>>> print(open('my_file-v1.pdb').read())   # PDB, C-alpha atoms
MODEL        1
ATOM      1  CA  MET A 283      -3.543-144.489 219.531
ATOM      2  CA  SER A 284      -0.901-146.447 221.326
ATOM      3  CA  GLY A 285       1.957-145.974 223.707
ATOM      4  CA  GLY A 286       0.799-142.667 225.168
ATOM      5  CA  GLU A 287       0.408-140.923 221.813
ATOM      6  CA  LYS A 288      -1.878-137.932 222.022
ATOM      7  CA  LEU A 289      -3.582-135.941 219.336
ATOM      8  CA  TRP A 290      -2.969-132.317 220.160
ATOM      9  CA  ASN A 291      -5.405-130.180 218.238
ATOM     10  CA  PRO A 292      -6.819-133.086 216.203
ATOM     11  CA  ARG A 293      -8.297-132.437 212.813
ATOM     12  CA  ILE A 294     -11.946-133.287 212.281
ATOM     13  CA  ILE A 295     -11.020-136.137 209.907
ATOM     14  CA  GLU A 296      -8.882-137.796 212.600
ATOM     15  CA  LEU A 297     -11.733-137.664 215.085
ATOM     16  CA  GLU A 298     -14.179-138.936 212.473
ATOM     17  CA  GLY A 299     -11.905-141.932 211.902
ATOM     18  CA  MET A 300     -11.919-142.577 215.633
ATOM     19  CA  ALA A 301     -15.718-142.347 215.709
ATOM     20  CA  MET A 302     -15.956-144.692 212.728
ATOM     21  CA  THR A 303     -13.854-147.364 214.415
ATOM     22  CA  GLY A 304     -15.632-147.221 217.770
ATOM     23  CA  GLN A 305     -12.968-145.299 219.679
ATOM     24  CA  LEU A 306     -15.297-142.493 220.814
ATOM     25  CA  THR A 307     -18.022-142.733 223.429
ATOM     26  CA  GLU A 308     -19.373-139.198 223.528
ATOM     27  CA  VAL A 309     -19.580-136.011 221.476
ATOM     28  CA  LYS A 310     -20.927-132.578 222.344
ATOM     29  CA  ILE A 311     -20.917-129.069 220.891
ATOM     30  CA  GLU A 312     -19.410-126.169 222.818
ATOM     31  CA  SER A 313     -19.185-122.469 222.068
ATOM     32  CA  CYS A 314     -15.948-120.767 221.073
ATOM     33  CA  ASN A 315     -14.874-117.309 222.147
ATOM     34  CA  ARG A 316     -13.207-116.455 218.858
ATOM     35  CA  PRO A 317     -14.764-115.921 216.466
ATOM     36  CA  PRO A 318     -17.978-115.243 218.381
ATOM     37  CA  GLY A 319     -20.779-117.677 217.612
ATOM     38  CA  TRP A 320     -18.514-120.403 216.262
ATOM     39  CA  LYS A 321     -18.584-123.879 217.784
ATOM     40  CA  LYS A 322     -16.233-126.773 218.451
ATOM     41  CA  LEU A 323     -16.807-130.464 219.018
ATOM     42  CA  VAL A 324     -15.596-132.026 222.254
ATOM     43  CA  VAL A 325     -15.271-135.814 222.267
ATOM     44  CA  LYS A 326     -14.492-138.448 224.857
ATOM     45  CA  THR A 327     -12.540-141.559 223.904
ATOM     46  CA  VAL A 328     -13.020-145.112 225.164
ATOM     47  CA  ASN A 329      -9.868-144.474 227.250
ATOM     48  CA  GLY A 330     -11.516-141.511 228.982
ATOM     49  CA  GLU A 331      -9.470-138.837 227.186
ATOM     50  CA  THR A 332     -11.180-135.610 226.147
ATOM     51  CA  MET A 333     -10.243-133.917 222.869
ATOM     52  CA  SER A 334     -11.716-131.049 220.890
ATOM     53  CA  THR A 335     -11.644-129.715 217.371
ATOM     54  CA  ASN A 336     -10.771-126.233 216.229
ATOM     55  CA  CYS A 337     -13.587-123.716 216.156
ATOM     56  CA  MET A 338     -15.833-123.942 213.103
ATOM     57  CA  GLU A 339     -18.930-122.326 211.683
ATOM     58  CA  PRO A 340     -22.080-123.369 213.565
ATOM     59  CA  ASP A 341     -23.631-125.206 210.592
ATOM     60  CA  ALA A 342     -20.444-127.224 210.042
ATOM     61  CA  ALA A 343     -20.323-128.093 213.743
ATOM     62  CA  LYS A 344     -23.942-129.282 213.647
ATOM     63  CA  ARG A 345     -23.355-131.469 210.578
ATOM     64  CA  ASN A 346     -20.243-133.029 212.075
ATOM     65  CA  PHE A 347     -22.017-133.518 215.397
ATOM     66  CA  MET A 348     -24.783-135.487 213.666
ATOM     67  CA  VAL A 349     -22.284-137.688 211.804
ATOM     68  CA  PHE A 350     -20.289-138.373 214.975
ATOM     69  CA  THR A 351     -23.476-139.163 216.889
ATOM     70  CA  LEU A 352     -24.565-141.667 214.238
ATOM     71  CA  TYR A 353     -21.145-143.354 214.290
ATOM     72  CA  ILE A 354     -21.114-143.549 218.088
ATOM     73  CA  ARG A 355     -24.680-144.897 218.328
ATOM     74  CA  ASN A 356     -24.907-147.166 215.269
ATOM     75  CA  TRP A 357     -22.512-147.045 212.358
ATOM     76  CA  SER A 358     -19.258-147.947 214.130
ATOM     77  CA  LYS A 359     -20.817-151.264 215.184
ATOM     78  CA  LEU A 360     -21.322-152.062 211.494
ATOM     79  CA  VAL A 361     -17.827-150.935 210.503
ATOM     80  CA  THR A 362     -16.043-152.906 213.212
ATOM     81  CA  ARG A 363     -18.291-155.987 213.191
ATOM     82  CA  GLU A 364     -16.482-159.288 212.744
ATOM     83  CA  TYR A 365     -17.938-161.523 210.059
ATOM     84  CA  ARG A 366     -17.855-165.297 209.891
ATOM     85  CA  GLU A 367     -16.171-166.717 206.796
ATOM     86  CA  GLU A 368     -19.485-167.921 205.349
ATOM     87  CA  GLU A 369     -20.855-164.355 205.539
ATOM     88  CA  LEU A 370     -18.107-162.922 203.326
ATOM     89  CA  PRO A 371     -18.784-162.360 199.622
ATOM     90  CA  THR A 372     -17.579-165.139 197.349
ATOM     91  CA  GLU A 373     -17.939-163.264 194.071
ATOM     92  CA  SER A 374     -14.793-162.829 192.041
ATOM     93  CA  PHE A 375     -14.295-159.376 190.591
ATOM     94  CA  ASP A 376     -11.266-160.401 188.550
ATOM     95  CA  THR A 377     -11.991-159.241 185.007
ATOM     96  CA  SER A 378      -8.767-160.441 183.432
ATOM     97  CA  PRO A 379      -9.177-162.803 180.461
ATOM     98  CA  GLU A 380      -8.565-166.480 181.162
TER
ENDMDL
END
>>> encode(input="my_file-v1.pdb", output="structure tokens")
Amino acid sequence: MSGGEKLWNPRIIELEGMAMTGQLTEVKIESCNRPPGWKKLVVKTVNGETMSTNCMEPDAAKRNFMVFTLYIRNWSKLVTREYREEELPTESFDTSPE
């Protein structure tokens, strides 16, 4: 996000993209009032902003929580890692006839 843009009521996919690219530092599950028993994810960004998802079924919240946690702890470092030129694949996947 740039220039003061804010995600009001972000969709889960938007937050997952932020987790994937290392823009989130924390995720937690909180209870929702309506419907009773449902949960929402609350995340903190690297800029210190707090955002939350809509309420969702508890099992969906748990699954998303686990994915976000894995991105924050491990996976985002792999996604955003910079590679040296010699580490990049050199295979050609061009299948056109010569």
>>> resolve_selection(input="my_file-v1.pdb", expression="the PyMOL selection byres ((chain A and resi 345-348) around 10)", output="JSON, numbers by chain")
{"A": [294, 295, 298, 309, 310, 311, 322, 323, 324, 325, 340, 341, 342, 343, 344, 349, 350, 351, 352, 353, 354]}
>>> residues_around(input="my_file-v1.pdb", residues="region 313-316 of chain A", least_positions_apart="4", cutoff="9 Å", atoms="all atoms listed in the file", output="PyMOL selection string")
chain A and resi 320-323+336-338
>>> atom_distance(input="my_file-v1.pdb", atom1="CA of Lys326 (chain A)", atom2="CA of Gly304 (chain A)")
11.3 Å
>>> atom_distance(input="my_file-v1.pdb", atom1="CA of Asn356 (chain A)", atom2="CA of Thr332 (chain A)")
21.0 Å
>>> atom_distance(input="my_file-v1.pdb", atom1="CA of Thr335 (chain A)", atom2="CA of Lys359 (chain A)")
23.5 Å
>>> build_atoms(input="my_file-v1.pdb", residues="region 293-320 of chain A", atoms="N, CA and C atoms", output="PDB file, keeping the file's coordinate frame")
ATOM      1  N   ARG A 293      -7.463-132.894 213.901  1.00  0.00           N
ATOM      2  CA  ARG A 293      -8.297-132.437 212.813  1.00  0.00           C
ATOM      3  C   ARG A 293      -9.599-133.217 212.847  1.00  0.00           C
ATOM      4  N   ILE A 294     -10.629-132.662 212.270  1.00  0.00           N
ATOM      5  CA  ILE A 294     -11.946-133.287 212.281  1.00  0.00           C
ATOM      6  C   ILE A 294     -11.896-134.673 211.636  1.00  0.00           C
ATOM      7  N   ILE A 295     -11.095-134.850 210.595  1.00  0.00           N
ATOM      8  CA  ILE A 295     -11.020-136.137 209.907  1.00  0.00           C
ATOM      9  C   ILE A 295     -10.420-137.210 210.813  1.00  0.00           C
ATOM     10  N   GLU A 296      -9.470-136.839 211.659  1.00  0.00           N
ATOM     11  CA  GLU A 296      -8.882-137.796 212.600  1.00  0.00           C
ATOM     12  C   GLU A 296      -9.910-138.257 213.623  1.00  0.00           C
ATOM     13  N   LEU A 297     -10.699-137.311 214.121  1.00  0.00           N
ATOM     14  CA  LEU A 297     -11.733-137.664 215.085  1.00  0.00           C
ATOM     15  C   LEU A 297     -12.843-138.472 214.424  1.00  0.00           C
ATOM     16  N   GLU A 298     -13.156-138.162 213.169  1.00  0.00           N
ATOM     17  CA  GLU A 298     -14.179-138.936 212.473  1.00  0.00           C
ATOM     18  C   GLU A 298     -13.719-140.386 212.297  1.00  0.00           C
ATOM     19  N   GLY A 299     -12.447-140.579 211.996  1.00  0.00           N
ATOM     20  CA  GLY A 299     -11.905-141.932 211.902  1.00  0.00           C
ATOM     21  C   GLY A 299     -12.016-142.670 213.221  1.00  0.00           C
ATOM     22  N   MET A 300     -11.780-141.965 214.319  1.00  0.00           N
ATOM     23  CA  MET A 300     -11.919-142.577 215.633  1.00  0.00           C
ATOM     24  C   MET A 300     -13.375-142.931 215.919  1.00  0.00           C
ATOM     25  N   ALA A 301     -14.295-142.060 215.522  1.00  0.00           N
ATOM     26  CA  ALA A 301     -15.718-142.347 215.709  1.00  0.00           C
ATOM     27  C   ALA A 301     -16.123-143.553 214.874  1.00  0.00           C
ATOM     28  N   MET A 302     -15.618-143.616 213.651  1.00  0.00           N
ATOM     29  CA  MET A 302     -15.956-144.692 212.728  1.00  0.00           C
ATOM     30  C   MET A 302     -15.522-146.051 213.265  1.00  0.00           C
ATOM     31  N   THR A 303     -14.402-146.093 213.943  1.00  0.00           N
ATOM     32  CA  THR A 303     -13.854-147.364 214.415  1.00  0.00           C
ATOM     33  C   THR A 303     -14.182-147.648 215.886  1.00  0.00           C
ATOM     34  N   GLY A 304     -15.153-146.935 216.427  1.00  0.00           N
ATOM     35  CA  GLY A 304     -15.632-147.221 217.770  1.00  0.00           C
ATOM     36  C   GLY A 304     -14.746-146.750 218.896  1.00  0.00           C
ATOM     37  N   GLN A 305     -13.884-145.775 218.647  1.00  0.00           N
ATOM     38  CA  GLN A 305     -12.968-145.299 219.679  1.00  0.00           C
ATOM     39  C   GLN A 305     -13.504-144.112 220.463  1.00  0.00           C
ATOM     40  N   LEU A 306     -14.694-143.613 220.101  1.00  0.00           N
ATOM     41  CA  LEU A 306     -15.297-142.493 220.814  1.00  0.00           C
ATOM     42  C   LEU A 306     -16.571-142.950 221.512  1.00  0.00           C
ATOM     43  N   THR A 307     -16.822-142.383 222.678  1.00  0.00           N
ATOM     44  CA  THR A 307     -18.022-142.733 223.429  1.00  0.00           C
ATOM     45  C   THR A 307     -19.001-141.580 223.562  1.00  0.00           C
ATOM     46  N   GLU A 308     -18.535-140.368 223.285  1.00  0.00           N
ATOM     47  CA  GLU A 308     -19.373-139.198 223.528  1.00  0.00           C
ATOM     48  C   GLU A 308     -18.922-138.045 222.641  1.00  0.00           C
ATOM     49  N   VAL A 309     -19.887-137.232 222.221  1.00  0.00           N
ATOM     50  CA  VAL A 309     -19.580-136.011 221.476  1.00  0.00           C
ATOM     51  C   VAL A 309     -20.557-134.927 221.914  1.00  0.00           C
ATOM     52  N   LYS A 310     -20.058-133.711 222.026  1.00  0.00           N
ATOM     53  CA  LYS A 310     -20.927-132.578 222.344  1.00  0.00           C
ATOM     54  C   LYS A 310     -20.405-131.336 221.644  1.00  0.00           C
ATOM     55  N   ILE A 311     -21.268-130.342 221.526  1.00  0.00           N
ATOM     56  CA  ILE A 311     -20.917-129.069 220.891  1.00  0.00           C
ATOM     57  C   ILE A 311     -20.733-128.029 221.990  1.00  0.00           C
ATOM     58  N   GLU A 312     -19.647-127.267 221.888  1.00  0.00           N
ATOM     59  CA  GLU A 312     -19.410-126.169 222.818  1.00  0.00           C
ATOM     60  C   GLU A 312     -19.143-124.894 222.046  1.00  0.00           C
ATOM     61  N   SER A 313     -19.412-123.777 222.677  1.00  0.00           N
ATOM     62  CA  SER A 313     -19.185-122.469 222.068  1.00  0.00           C
ATOM     63  C   SER A 313     -17.711-122.104 222.106  1.00  0.00           C
ATOM     64  N   CYS A 314     -17.302-121.313 221.122  1.00  0.00           N
ATOM     65  CA  CYS A 314     -15.948-120.767 221.073  1.00  0.00           C
ATOM     66  C   CYS A 314     -16.008-119.273 221.338  1.00  0.00           C
ATOM     67  N   ASN A 315     -14.943-118.752 221.899  1.00  0.00           N
ATOM     68  CA  ASN A 315     -14.874-117.309 222.147  1.00  0.00           C
ATOM     69  C   ASN A 315     -14.519-116.544 220.889  1.00  0.00           C
ATOM     70  N   ARG A 316     -13.652-117.139 220.068  1.00  0.00           N
ATOM     71  CA  ARG A 316     -13.207-116.455 218.858  1.00  0.00           C
ATOM     72  C   ARG A 316     -13.265-117.400 217.695  1.00  0.00           C
ATOM     73  N   PRO A 317     -13.852-117.051 216.632  1.00  0.00           N
ATOM     74  CA  PRO A 317     -14.764-115.921 216.466  1.00  0.00           C
ATOM     75  C   PRO A 317     -16.075-116.174 217.200  1.00  0.00           C
ATOM     76  N   PRO A 318     -16.725-115.110 217.632  1.00  0.00           N
ATOM     77  CA  PRO A 318     -17.978-115.243 218.381  1.00  0.00           C
ATOM     78  C   PRO A 318     -19.021-116.019 217.575  1.00  0.00           C
ATOM     79  N   GLY A 319     -19.722-116.906 218.253  1.00  0.00           N
ATOM     80  CA  GLY A 319     -20.779-117.677 217.612  1.00  0.00           C
ATOM     81  C   GLY A 319     -20.312-118.989 217.009  1.00  0.00           C
ATOM     82  N   TRP A 320     -19.021-119.150 216.824  1.00  0.00           N
ATOM     83  CA  TRP A 320     -18.514-120.403 216.262  1.00  0.00           C
ATOM     84  C   TRP A 320     -18.541-121.484 217.332  1.00  0.00           C
TER      85      TRP A 320
END
